[in-house]
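Below is one structure, written out as C-alpha cells, with a few remarks after it.
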Number of protein chains: 2
Amino acid sequence: MGVVVPFEEARDPAESLKPLLEIVAEDMEAVNRIILDKAVSDVELIPKLAHHLIDSGGKRLRPMLTIAAAKLCGYRDEGHIRLAAAVEFMHTATLLHDDVVDESDYRRGKKSARLVWGNQASVLVGDFLLGQAFRMMVEVGSLSALKILSGAAAVIAEGEVMQLAAAKNTSTTEDEYLNIINAKTAALFSAAAEVGAAIAKRPMEEQAALKSYGRNLGIAFQLVDDALDYSGDSARLGKSVGDDFREGKITLPVILCFRRGSDDERAFWNRALGKGEIADGDLEHAIKLMKKHSAIEATLDRARHYGTIAQDALAIFRPDRYTRALTDVIGFCISRAN
Amino acid sequence: MGVVVPFEEARDPAESLKPLLEIVAEDMEAVNRIILDKAVSDVELIPKLAHHLIDSGGKRLRPMLTIAAAKLCGYRDEGHIRLAAAVEFMHTATLLHDDVVDESDYRRGKKSARLVWGNQASVLVGDFLLGQAFRMMVEVGSLSALKILSGAAAVIAEGEVMQLAAAKNTSTTEDEYLNIINAKTAALFSAAAEVGAAIAKRPMEEQAALKSYGRNLGIAFQLVDDALDYSGDSARLGKSVGDDFREGKITLPVILCFRRGSDDERAFWNRALGKGEIADGDLEHAIKLMKKHSAIEATLDRARHYGTIAQDALAIFRPDRYTRALTDVIGFCISRAN
C-alpha cells in the first residue's frame with residue numbers, strides 16, 4: 001500500500017524526534033497531567049519518590065508511541081491518554097525495580113531513587129505505580145488493551161529474571177540475548193504501540209503491524225543503548241559509560257567481542273564480567289577490544305536491521321504525517337549513537 | 001434479614017476453618033491447578049522460586065474467601081476460579097516483596113525466597129506473579145472485578161510504604177496504625193470477598209456487605225498476627241516469636257504498651273524499636289511489659305471488635321452454609337491466638 005521511504009539517521013537525533021513531538025504535543029500535555037494526578041498519595045513518600053523519576057526528564061517515548069498509534073488508527077476518543085499514562089507508569093515502575101536489582105546509583109544523570117530513599121521504598125513505590133497503571137487501564141475499560149498490557153507486565157518481569165540468570169555468563173548467545181531484550185525492553189514498546197490500534201478497534205492486521213513496529217523499534221532501541229554504554233557521551237546519556245561493564249551485564253557488544261576474540265581476550269572477559277574482578281584500566285581495555293572487533297559497529301548494524309523491520313511493518317498504512325513521524329522515531333533511536 | 005449467631009472462638013482453630021474448607025474444596029482444587037499452571041515459565045528460576053512459596057503450605061485463606069463469596073452470591077460460572085488464583089498470586093507477590101523490604105530470613109517455617117535466591121530474584125519474580133495475576137483477571141473479563149483488584153494492588157503498596165515510613169516511630173497512634181493495616185492487609189481480604197459478589201452481578205448492597213466483611217476480617221486477622229508475634233508458639237506460627245520486635249515494627253501491642261507505660265518504659269521502647277538497639281533479654285522484657293499492661297489481651301479485644309463487625313456485615317444474607325462458614329472463619333482468625 002505505502003511507499004517505503006527509508007528512515008534517515010539524522011545528524012542531530014533531536015531533529016528526528018520533532019515530528020512525533022509535534023503530533024502528540026497536545027495529548028501528551030493531558031498525559032502529563034494524569035501522570036501527576038496519579039502519582040498523588042496521602043503517603044508523603046510516594047509522590048516524593050515518584051516525582052524524583054517523573055520529573056527527571058525521561059523522553060516519554062513509550063507513551064508517545066501509544067498516542068501516535070491511536071492517532072494513526074483514527075481513534076477519536078480519550079482512552080489513549082490514560083493508556084499512555086499507564087504505559088509510562090509501567091516503565092517507571094520497571095526502572096525503580098531495575099535500579100534495585102542492578103544496584104544502580106545513577107539514573108538519567110541524577111542519583112537513583114534507591115540511593116536517596118533506599119531499596120525498600122523503591123520496591124514498594126514501584127509496586128504502587130504498577131497498581132496505579134492497572135487502575136488507569138481498567139478505567140479505560142478496553143479488555144483488549146488490558147490483555148495486551150497485562151501480558152506485557154508479566155513478560156517484562158520474565159525478561160528481567162532472564163537477564164539476572166544470564167548475568168556474568170559470557171557464553172550467552174546472541175539468540176539468548178535477543179530473547180532477553182525482546183522481553184525486558186521490546187515487550188513494552190510493542191504493547192505501547194499495539195494498544196493504540198486496539199482501542200481504535202482497527203482490523204487485526206493494523207494492530208499486528210503496530211505490535212511488530214513497536215517490538216522491532218524496542219530491540220533497536222536497546223541495542224543502541226548497549227552500544228552507547230561502551231561508546232557514548234556520559235553527560236548526554238545521563239549514565240556513565242561503562243555502567244553495564246561494572247555491573248557485569250552481558251550485552252550484545254560483549255557477546256560479539258567474546259565470540260570474535262582470542263583465548264586471552266576471552267579470559268579477560270571472564271575475569272572482568274564473569275567473576276566481576278575489575279581492575280583499573282579494564283574498561284579502557286574492553287573498549288579497545290570492541291574497536292578491534294568492530295563490536296559496536298556490528299551492534300549498531302543489528303540495530304539498523306531491526307529498525308528496517310520496524311519500518312516495513314508500517315508499510316501497510318497509507319503514508320501520512322503519523323507514519324512519517326513513527327518512521328523518524330526509528331531514525332532517532334538509531335542516530336542517538338552517532 | 002438473617003439471625004446473627006455470634007462467631008465462636010473454637011478451642012481448636014482448625015475446627016472453625018473446616019466448614020469453609022469443605023464448601024470450597026472442589027473449586028480450590030481447580031484454583032490450585034491454575035496456580036501451578038500460571039507459575040510456569042521458560043525462565044527456570046521463576047517456577048523454582050514461585051514454588052518455594054506456593055508449596056510452603058499457606059492456608060490460601062484469601063482465595064477461599066473469593067470462592068465462598070461467589071458461591072454465597074449464587075455464582076454458577078467459572079470466573080471465580082481465576083479470580084481466586086489471581087488473589088493468591090497478588091498475595092504471594094506481596095510476600096516476596098515484603099520479605100525483601102523487611103529483610104526477613106524465614107517465612108512459613110522455611111528459609112525465605114530472598115535468603116535462598118536473593119533479593120533481586122524475589123523482587124522480579126514478585127513482579128512476574130503480579131503480572132500473571134492481572135492476566136488472569138483480564139481473562140475473566142469482568143471490568144468490575146478488575147476495578148476492585150487493581151484498586152487493591154495500589155492500596156496494598158501504599159500501605160506497605162506507610163508502614164515503612166512509620167517504622168521505628170514508637171509514637172504512631174492506633175488510628176495511624178489502623179490505616180496502615182487497612183491498606184496493607186485488609187484491602188486484599190476485602191477485595192477477595194468483594195469480587196465474588198461482583199462477578200455474580202449481585203445488587204450493590206451484597207457486594208458492599210462482602211467488602212465490609214473482608215475488610216473487618218482482614219483487620220482482625222492482622223491484629224491477631226501482631227499479638228501472636230509476642231505470644232505465639234513459634235513452631236505453629238512458622239515464624240519466630242519476636243520477629244516484629246527484631247525488625248523494629250510498630251504494631252498495636254507495642255503502641256498500646258508504649259502509651260500505657262511509664263517514662264522509663266517508653267525509653268525502653270524507644271531504644272529497642274526506635275533506635276533498634278536490642279540487647280539480650282530485651283524481647284523477654286518487652287513481653288513482660290505487654291503482660292503488665294494487658295497489651296496482648298487489649299489487641300485481641302480489638303480484633304474481636306472487628307470480627308463482630310465482619311459478622312454483622314453478613315447479616316443481610318439469608319443464613320445458609322456459606323454464611324455460616326464465613327462466620328466460622330472469623331472465629332478461626334481470632335482463635336488462632338488461643
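In the C-alpha cells, each chain is lettered A, B, ... as it comes, each chain's residues begin at 1, and ligands are numbered from 1 in order of appearance.
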
Compute the chain B side of the contact with chain A at 7 Å, counting only C-alpha atoms, and hand it back as a VMD selection string. chain B and resid 43 101 120 to 121 124 to 125 127 to 128 131 to 132 134 to 135 138 141 143 146 to 147 150 to 151 153 to 154 157 to 158 160 to 162

Tell me, as an MDAnalysis selection string, which residues lie within 9 Å of Arg321 in chain A, counting only C-alpha atoms; anything in the same chain fewer than 2 positions away does not count. chainID A and resid 19:20 23 72 319 323:326

Atoms to include: N, CA and C atoms. Write the selected residues as a compact mmCIF listing (two decimals), in the first residue's frame.
# COMPACT_ATOMS: atom_id res chain seq x y z
N PRO A 19 9.00 15.55 14.61
CA PRO A 19 7.66 15.31 14.03
C PRO A 19 6.74 14.59 15.01
N LEU A 20 7.29 13.60 15.73
CA LEU A 20 6.47 12.89 16.72
C LEU A 20 6.05 13.84 17.83
N ILE A 23 3.11 16.03 16.72
CA ILE A 23 1.76 15.48 16.55
C ILE A 23 1.16 14.96 17.86
N LEU A 72 -2.82 7.44 14.44
CA LEU A 72 -2.65 6.81 13.13
C LEU A 72 -3.86 5.95 12.78
N PRO A 319 0.77 6.32 3.72
CA PRO A 319 1.71 7.27 4.32
C PRO A 319 1.02 8.58 4.68
N THR A 323 2.61 8.11 10.04
CA THR A 323 3.59 7.09 9.66
C THR A 323 4.97 7.72 9.51
N ARG A 324 5.00 8.95 8.97
CA ARG A 324 6.31 9.59 8.82
C ARG A 324 6.95 9.87 10.18
N ALA A 325 6.15 10.33 11.12
CA ALA A 325 6.70 10.61 12.46
C ALA A 325 7.21 9.32 13.11
N LEU A 326 6.43 8.24 12.96
CA LEU A 326 6.84 6.97 13.56
C LEU A 326 8.10 6.43 12.87

Give the strand (DSSP E or B) residues of range 37-259 of chain B, as DSSP finds them on the backbone, and put them as a VMD selection string. chain B and resid 106 to 107 110 to 111

Dump as a tab-separated table (two decimals), in the first residue's frame, selection limited to N, CA, C and O atoms:
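What ended up in result-v5.tsv:
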chain	number	residue	atom	x	y	z
B	106	TYR	N	12.99	-15.89	57.31
B	106	TYR	CA	12.10	-17.04	57.35
B	106	TYR	C	10.68	-16.66	56.99
B	106	TYR	O	10.24	-15.53	57.25
B	107	ARG	N	9.98	-17.60	56.41
B	107	ARG	CA	8.59	-17.39	56.00
B	107	ARG	C	7.93	-18.75	56.05
B	107	ARG	O	8.43	-19.69	55.45
B	110	LYS	N	10.06	-21.85	56.63
B	110	LYS	CA	11.12	-22.19	55.68
B	110	LYS	C	11.99	-20.96	55.50
B	110	LYS	O	11.58	-19.84	55.79
B	111	LYS	N	13.20	-21.19	54.97
B	111	LYS	CA	14.02	-20.04	54.59
B	111	LYS	C	13.24	-19.20	53.60
B	111	LYS	O	12.59	-19.72	52.70

Of the candidates B:His80, B:Val224, B:Lys59, B:Asp105, which shows the shortest atom-to-atom distance to Ala298 in chain B, using only C-alpha atoms? B:Val224

DSSP alpha helix (DSSP H) residues within range 137-182 of chain B, listed as a PyMOL selection string: chain B and resi 137-140+143-166+174-181

Long-range neighbours of Phe258 in chain A as a short mmCIF file (atom, residue, chain, number, x, y, z; two decimals) with all heavy atoms, in the first residue's frame, 12 Å cut-off, only C-alpha atoms, 5 positions minimum in chain:
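Output file result16.cif is given in full below:
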data_model
loop_
_atom_site.label_atom_id
_atom_site.label_comp_id
_atom_site.auth_asym_id
_atom_site.auth_seq_id
_atom_site.Cartn_x
_atom_site.Cartn_y
_atom_site.Cartn_z
N ASN A 169 27.37 -14.48 32.67
CA ASN A 169 27.57 -15.63 31.79
C ASN A 169 28.04 -15.15 30.41
O ASN A 169 27.24 -14.84 29.54
CB ASN A 169 26.27 -16.43 31.68
CG ASN A 169 26.44 -17.61 30.73
OD1 ASN A 169 27.54 -17.91 30.28
ND2 ASN A 169 25.34 -18.27 30.43
N THR A 170 29.36 -15.14 30.23
CA THR A 170 29.93 -14.58 29.00
C THR A 170 29.62 -15.45 27.78
O THR A 170 29.76 -14.99 26.66
CB THR A 170 31.45 -14.45 29.12
OG1 THR A 170 31.97 -15.68 29.60
CG2 THR A 170 31.84 -13.32 30.07
N SER A 171 29.21 -16.67 28.00
CA SER A 171 28.91 -17.51 26.83
C SER A 171 27.44 -17.44 26.40
O SER A 171 26.99 -18.25 25.60
CB SER A 171 29.35 -18.95 27.08
OG SER A 171 28.69 -19.45 28.20
N THR A 172 26.70 -16.48 26.94
CA THR A 172 25.35 -16.20 26.44
C THR A 172 25.42 -16.02 24.92
O THR A 172 26.30 -15.34 24.41
CB THR A 172 24.82 -14.90 27.08
OG1 THR A 172 24.87 -15.03 28.50
CG2 THR A 172 23.38 -14.60 26.65
N THR A 173 24.49 -16.64 24.20
CA THR A 173 24.50 -16.46 22.74
C THR A 173 23.70 -15.23 22.34
O THR A 173 22.90 -14.71 23.12
CB THR A 173 23.87 -17.68 22.02
OG1 THR A 173 22.48 -17.73 22.37
CG2 THR A 173 24.55 -18.98 22.41
N GLU A 174 23.91 -14.82 21.11
CA GLU A 174 23.16 -13.65 20.60
C GLU A 174 21.66 -13.93 20.63
O GLU A 174 20.86 -13.06 20.96
CB GLU A 174 23.62 -13.30 19.18
CG GLU A 174 22.88 -12.10 18.61
CD GLU A 174 23.56 -11.48 17.38
OE1 GLU A 174 24.72 -11.85 17.08
OE2 GLU A 174 22.93 -10.63 16.73
N ILE A 250 25.91 -8.75 30.52
CA ILE A 250 26.31 -9.30 29.23
C ILE A 250 25.39 -8.71 28.18
O ILE A 250 24.20 -9.03 28.13
CB ILE A 250 26.21 -10.83 29.25
CG1 ILE A 250 26.94 -11.41 30.48
CG2 ILE A 250 26.76 -11.42 27.96
CD1 ILE A 250 28.41 -11.09 30.58
N THR A 251 25.92 -7.81 27.36
CA THR A 251 25.12 -7.18 26.30
C THR A 251 25.71 -7.58 24.95
O THR A 251 26.78 -8.22 24.90
CB THR A 251 25.12 -5.66 26.46
OG1 THR A 251 26.49 -5.21 26.40
CG2 THR A 251 24.51 -5.24 27.79
N LEU A 252 25.04 -7.20 23.88
CA LEU A 252 25.49 -7.68 22.57
C LEU A 252 26.93 -7.29 22.22
O LEU A 252 27.68 -8.13 21.70
CB LEU A 252 24.52 -7.25 21.46
CG LEU A 252 24.80 -7.91 20.10
CD1 LEU A 252 24.76 -9.43 20.19
CD2 LEU A 252 23.82 -7.43 19.04
N PRO A 253 27.37 -6.06 22.50
CA PRO A 253 28.78 -5.76 22.19
C PRO A 253 29.74 -6.74 22.86
O PRO A 253 30.73 -7.16 22.26
CB PRO A 253 28.97 -4.34 22.74
CG PRO A 253 27.61 -3.73 22.73
CD PRO A 253 26.66 -4.86 23.00
N ASP A 263 41.65 -16.53 22.82
CA ASP A 263 41.52 -17.17 24.13
C ASP A 263 41.90 -16.20 25.26
O ASP A 263 41.23 -16.14 26.29
CB ASP A 263 42.40 -18.42 24.20
CG ASP A 263 41.79 -19.58 23.43
OD1 ASP A 263 40.61 -19.46 23.00
OD2 ASP A 263 42.48 -20.59 23.23
N ASP A 264 42.97 -15.45 25.02
CA ASP A 264 43.40 -14.48 26.03
C ASP A 264 42.31 -13.44 26.28
O ASP A 264 42.05 -13.06 27.43
CB ASP A 264 44.65 -13.73 25.54
CG ASP A 264 45.91 -14.52 25.88
OD1 ASP A 264 45.77 -15.60 26.50
OD2 ASP A 264 47.01 -14.06 25.51
N GLU A 265 41.73 -12.99 25.18
CA GLU A 265 40.68 -11.98 25.33
C GLU A 265 39.48 -12.55 26.07
O GLU A 265 38.88 -11.89 26.91
CB GLU A 265 40.26 -11.45 23.95
CG GLU A 265 41.35 -10.60 23.31
CD GLU A 265 41.04 -10.22 21.87
OE1 GLU A 265 39.88 -10.38 21.44
OE2 GLU A 265 41.96 -9.78 21.17
N ARG A 266 39.15 -13.79 25.76
CA ARG A 266 38.01 -14.41 26.46
C ARG A 266 38.31 -14.55 27.96
O ARG A 266 37.42 -14.38 28.79
CB ARG A 266 37.68 -15.77 25.84
CG ARG A 266 36.78 -15.62 24.62
CD ARG A 266 36.13 -16.94 24.23
NE ARG A 266 37.04 -17.76 23.43
CZ ARG A 266 37.14 -17.67 22.10
NH1 ARG A 266 36.38 -16.82 21.44
NH2 ARG A 266 37.97 -18.42 21.45
N ALA A 267 39.58 -14.82 28.26
CA ALA A 267 39.97 -14.91 29.68
C ALA A 267 39.75 -13.54 30.35
O ALA A 267 39.29 -13.47 31.49
CB ALA A 267 41.43 -15.34 29.79
N PHE A 268 40.05 -12.48 29.60
CA PHE A 268 39.83 -11.13 30.14
C PHE A 268 38.34 -10.91 30.45
O PHE A 268 37.96 -10.47 31.54
CB PHE A 268 40.32 -10.07 29.14
CG PHE A 268 39.79 -8.70 29.40
CD1 PHE A 268 40.30 -7.91 30.42
CD2 PHE A 268 38.73 -8.19 28.63
CE1 PHE A 268 39.78 -6.63 30.67
CE2 PHE A 268 38.21 -6.92 28.88
CZ PHE A 268 38.74 -6.14 29.90
N TRP A 269 37.48 -11.24 29.48
CA TRP A 269 36.03 -11.04 29.69
C TRP A 269 35.52 -11.90 30.85
O TRP A 269 34.67 -11.46 31.64
CB TRP A 269 35.24 -11.36 28.41
CG TRP A 269 35.48 -10.37 27.30
CD1 TRP A 269 36.14 -10.61 26.12
CD2 TRP A 269 35.07 -9.00 27.25
NE1 TRP A 269 36.17 -9.47 25.34
CE2 TRP A 269 35.51 -8.46 26.01
CE3 TRP A 269 34.37 -8.17 28.12
CZ2 TRP A 269 35.28 -7.14 25.63
CZ3 TRP A 269 34.14 -6.85 27.75
CH2 TRP A 269 34.59 -6.35 26.51
N ASN A 270 36.05 -13.11 30.93
CA ASN A 270 35.60 -14.00 32.01
C ASN A 270 36.00 -13.46 33.38
O ASN A 270 35.24 -13.54 34.34
CB ASN A 270 36.17 -15.41 31.82
CG ASN A 270 35.38 -16.19 30.78
OD1 ASN A 270 34.18 -15.93 30.59
ND2 ASN A 270 36.03 -17.11 30.10
N ALA A 272 36.73 -10.17 34.09
CA ALA A 272 36.11 -8.87 34.39
C ALA A 272 34.59 -8.97 34.56
O ALA A 272 34.03 -8.45 35.53
CB ALA A 272 36.44 -7.87 33.28
N LEU A 273 33.91 -9.66 33.64
CA LEU A 273 32.45 -9.72 33.71
C LEU A 273 31.97 -11.00 34.38
O LEU A 273 30.99 -10.98 35.12
CB LEU A 273 31.84 -9.60 32.31
CG LEU A 273 32.12 -8.28 31.59
CD1 LEU A 273 31.39 -8.22 30.26
CD2 LEU A 273 31.68 -7.10 32.46
N GLY A 274 32.65 -12.12 34.10
CA GLY A 274 32.23 -13.39 34.69
C GLY A 274 32.45 -13.39 36.19
O GLY A 274 31.54 -13.68 36.97
N ALA A 286 38.52 -2.99 27.54
CA ALA A 286 37.29 -3.53 26.95
C ALA A 286 36.91 -2.72 25.71
O ALA A 286 36.58 -3.29 24.66
CB ALA A 286 36.15 -3.51 27.98
N LEU A 289 39.15 -3.54 22.84
CA LEU A 289 38.79 -4.82 22.21
C LEU A 289 37.55 -4.66 21.33
O LEU A 289 37.43 -5.27 20.26
CB LEU A 289 38.53 -5.89 23.27
CG LEU A 289 39.75 -6.34 24.08
CD1 LEU A 289 39.35 -7.39 25.11
CD2 LEU A 289 40.84 -6.90 23.16
N MET A 290 36.62 -3.83 21.79
CA MET A 290 35.40 -3.62 21.00
C MET A 290 35.74 -2.96 19.67
O MET A 290 35.16 -3.28 18.64
CB MET A 290 34.42 -2.75 21.78
CG MET A 290 33.96 -3.48 23.02
SD MET A 290 32.28 -3.18 23.43
CE MET A 290 32.04 -4.48 24.63
N LYS A 292 38.68 -3.19 18.17
CA LYS A 292 39.43 -4.19 17.40
C LYS A 292 38.49 -5.12 16.63
O LYS A 292 38.74 -5.44 15.48
CB LYS A 292 40.30 -5.00 18.38
CG LYS A 292 41.07 -6.14 17.75
CD LYS A 292 41.94 -6.85 18.81
CE LYS A 292 42.50 -8.16 18.26
NZ LYS A 292 43.07 -8.99 19.35
N HIS A 293 37.40 -5.52 17.28
CA HIS A 293 36.48 -6.48 16.65
C HIS A 293 35.24 -5.81 16.05
O HIS A 293 34.29 -6.50 15.70
CB HIS A 293 36.05 -7.53 17.68
CG HIS A 293 37.19 -8.36 18.17
ND1 HIS A 293 37.90 -9.22 17.35
CD2 HIS A 293 37.79 -8.45 19.39
CE1 HIS A 293 38.86 -9.80 18.05
NE2 HIS A 293 38.82 -9.36 19.29
N SER A 294 35.27 -4.50 15.95
CA SER A 294 34.13 -3.75 15.40
C SER A 294 32.81 -4.15 16.07
O SER A 294 31.77 -4.25 15.42
CB SER A 294 34.00 -3.95 13.89
OG SER A 294 35.22 -3.70 13.24
N ALA A 295 32.88 -4.39 17.36
CA ALA A 295 31.68 -4.89 18.06
C ALA A 295 30.59 -3.83 18.17
O ALA A 295 29.40 -4.14 18.10
CB ALA A 295 32.07 -5.40 19.45
#

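CA of Trp117 in chain B is positioned 20.0 Å from CA of Leu96 in chain A.
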
Could you give me, as a short mmCIF file (atom, residue, chain, number, x, y, z; two decimals) with N, CA, C and O atoms, in the first residue's frame, the residues within 8 Å of Met64 in chain A, counting only C-alpha atoms and dropping anything in the same chain fewer than 3 positions from it?
data_model
loop_
_atom_site.label_atom_id
_atom_site.label_comp_id
_atom_site.auth_asym_id
_atom_site.auth_seq_id
_atom_site.Cartn_x
_atom_site.Cartn_y
_atom_site.Cartn_z
N LEU A 20 7.29 13.60 15.73
CA LEU A 20 6.47 12.89 16.72
C LEU A 20 6.05 13.84 17.83
O LEU A 20 4.87 13.90 18.21
N LEU A 21 7.01 14.59 18.34
CA LEU A 21 6.71 15.53 19.43
C LEU A 21 5.58 16.47 19.02
O LEU A 21 4.70 16.78 19.83
N VAL A 24 2.01 14.72 18.86
CA VAL A 24 1.45 14.23 20.13
C VAL A 24 1.39 15.32 21.20
O VAL A 24 0.91 15.07 22.31
N MET A 28 -0.03 14.76 24.85
CA MET A 28 0.97 14.48 25.88
C MET A 28 0.83 15.44 27.06
O MET A 28 1.17 15.07 28.19
N ARG A 60 9.74 10.06 27.56
CA ARG A 60 8.34 9.62 27.40
C ARG A 60 8.09 9.07 26.00
O ARG A 60 7.05 9.34 25.39
N LEU A 61 9.05 8.32 25.53
CA LEU A 61 8.95 7.77 24.19
C LEU A 61 7.80 6.77 24.10
O LEU A 61 7.02 6.76 23.14
N ILE A 67 0.08 7.26 21.88
CA ILE A 67 -0.70 8.37 21.33
C ILE A 67 -0.64 8.36 19.80
O ILE A 67 -1.69 8.43 19.12
N ALA A 68 0.58 8.25 19.27
CA ALA A 68 0.73 8.30 17.82
C ALA A 68 0.03 7.13 17.14
O ALA A 68 -0.61 7.28 16.09
N ALA A 84 -1.71 5.72 27.68
CA ALA A 84 -0.34 6.22 27.56
C ALA A 84 0.27 6.48 28.93
O ALA A 84 1.43 6.14 29.19
#

Excluding Tyr213 in chain B and any residue of its chain fewer than 5 positions from it, enumerate the residues within 9 Å of it, using only C-alpha atoms, and give them as a ChimeraX atom specification. /B:189-190,193-194,208,218,307,309-314,326

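Separating CA of Ala30 in chain A from CA of Ile81 in chain A is a distance of 6.7 Å.
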
Write out as number ranges by chain each polymer residue whose atoms come within 6 Å of range 195-203 of chain B, counting only C-alpha atoms; drop sequence neighbours fewer than 3 positions from it. B: 66, 69-70, 73, 75, 145, 191-192, 206-207

Selection from above, all heavy atoms, as an mmCIF file, in the first residue's frame, can you write it?
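again_14.cif, freshly written:
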data_model
loop_
_atom_site.group_PDB
_atom_site.id
_atom_site.type_symbol
_atom_site.label_atom_id
_atom_site.label_comp_id
_atom_site.auth_asym_id
_atom_site.auth_seq_id
_atom_site.Cartn_x
_atom_site.Cartn_y
_atom_site.Cartn_z
ATOM 1 N N THR B 66 -12.795 -15.657 48.129
ATOM 2 C CA THR B 66 -13.365 -15.347 46.812
ATOM 3 C C THR B 66 -14.347 -16.431 46.376
ATOM 4 O O THR B 66 -15.463 -16.141 45.922
ATOM 5 C CB THR B 66 -12.232 -15.218 45.767
ATOM 6 O OG1 THR B 66 -11.325 -14.204 46.198
ATOM 7 C CG2 THR B 66 -12.783 -14.861 44.393
ATOM 8 N N ALA B 69 -17.477 -16.387 48.624
ATOM 9 C CA ALA B 69 -18.327 -15.218 48.363
ATOM 10 C C ALA B 69 -19.093 -15.407 47.054
ATOM 11 O O ALA B 69 -20.289 -15.090 46.973
ATOM 12 C CB ALA B 69 -17.467 -13.952 48.314
ATOM 13 N N ALA B 70 -18.414 -15.926 46.046
ATOM 14 C CA ALA B 70 -19.091 -16.149 44.760
ATOM 15 C C ALA B 70 -20.225 -17.162 44.927
ATOM 16 O O ALA B 70 -21.332 -16.983 44.404
ATOM 17 C CB ALA B 70 -18.080 -16.629 43.719
ATOM 18 N N CYS B 73 -23.186 -15.823 46.668
ATOM 19 C CA CYS B 73 -23.968 -14.952 45.779
ATOM 20 C C CYS B 73 -24.572 -15.717 44.606
ATOM 21 O O CYS B 73 -25.064 -15.102 43.654
ATOM 22 C CB CYS B 73 -23.093 -13.811 45.287
ATOM 23 S SG CYS B 73 -22.658 -12.666 46.614
ATOM 24 N N TYR B 75 -23.204 -17.520 42.270
ATOM 25 C CA TYR B 75 -22.464 -17.514 41.001
ATOM 26 C C TYR B 75 -22.302 -18.937 40.482
ATOM 27 O O TYR B 75 -21.972 -19.847 41.237
ATOM 28 C CB TYR B 75 -21.095 -16.864 41.214
ATOM 29 C CG TYR B 75 -20.247 -16.752 39.969
ATOM 30 C CD1 TYR B 75 -20.596 -15.880 38.943
ATOM 31 C CD2 TYR B 75 -19.089 -17.511 39.825
ATOM 32 C CE1 TYR B 75 -19.811 -15.765 37.807
ATOM 33 C CE2 TYR B 75 -18.292 -17.405 38.697
ATOM 34 C CZ TYR B 75 -18.666 -16.530 37.693
ATOM 35 O OH TYR B 75 -17.890 -16.417 36.571
ATOM 36 N N ALA B 145 -14.666 -6.624 38.508
ATOM 37 C CA ALA B 145 -13.669 -7.377 39.275
ATOM 38 C C ALA B 145 -12.285 -6.758 39.079
ATOM 39 O O ALA B 145 -11.504 -6.626 40.032
ATOM 40 C CB ALA B 145 -13.663 -8.842 38.846
ATOM 41 N N ALA B 191 -11.041 -7.068 48.982
ATOM 42 C CA ALA B 191 -11.193 -7.253 47.534
ATOM 43 C C ALA B 191 -11.492 -8.715 47.213
ATOM 44 O O ALA B 191 -12.313 -9.013 46.332
ATOM 45 C CB ALA B 191 -9.928 -6.794 46.813
ATOM 46 N N ALA B 192 -10.831 -9.627 47.926
ATOM 47 C CA ALA B 192 -11.031 -11.056 47.677
ATOM 48 C C ALA B 192 -12.496 -11.429 47.857
ATOM 49 O O ALA B 192 -13.073 -12.166 47.049
ATOM 50 C CB ALA B 192 -10.145 -11.887 48.612
ATOM 51 N N GLU B 206 -25.139 -6.308 48.454
ATOM 52 C CA GLU B 206 -24.468 -7.581 48.770
ATOM 53 C C GLU B 206 -22.959 -7.453 48.549
ATOM 54 O O GLU B 206 -22.142 -7.971 49.315
ATOM 55 C CB GLU B 206 -25.045 -8.717 47.917
ATOM 56 C CG GLU B 206 -26.483 -9.034 48.302
ATOM 57 C CD GLU B 206 -27.010 -10.315 47.670
ATOM 58 O OE1 GLU B 206 -26.217 -11.117 47.157
ATOM 59 O OE2 GLU B 206 -28.244 -10.500 47.697
ATOM 60 N N GLN B 207 -22.629 -6.765 47.464
ATOM 61 C CA GLN B 207 -21.202 -6.534 47.204
ATOM 62 C C GLN B 207 -20.580 -5.728 48.348
ATOM 63 O O GLN B 207 -19.492 -6.048 48.837
ATOM 64 C CB GLN B 207 -21.064 -5.792 45.865
ATOM 65 C CG GLN B 207 -19.634 -5.689 45.384
ATOM 66 C CD GLN B 207 -19.557 -5.113 43.962
ATOM 67 O OE1 GLN B 207 -20.396 -5.405 43.110
ATOM 68 N NE2 GLN B 207 -18.555 -4.304 43.716
#

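Atom pair CA of Tyr230 in chain B / CA of Ala187 in chain B has a distance of 24.3 Å (rounded to one decimal).
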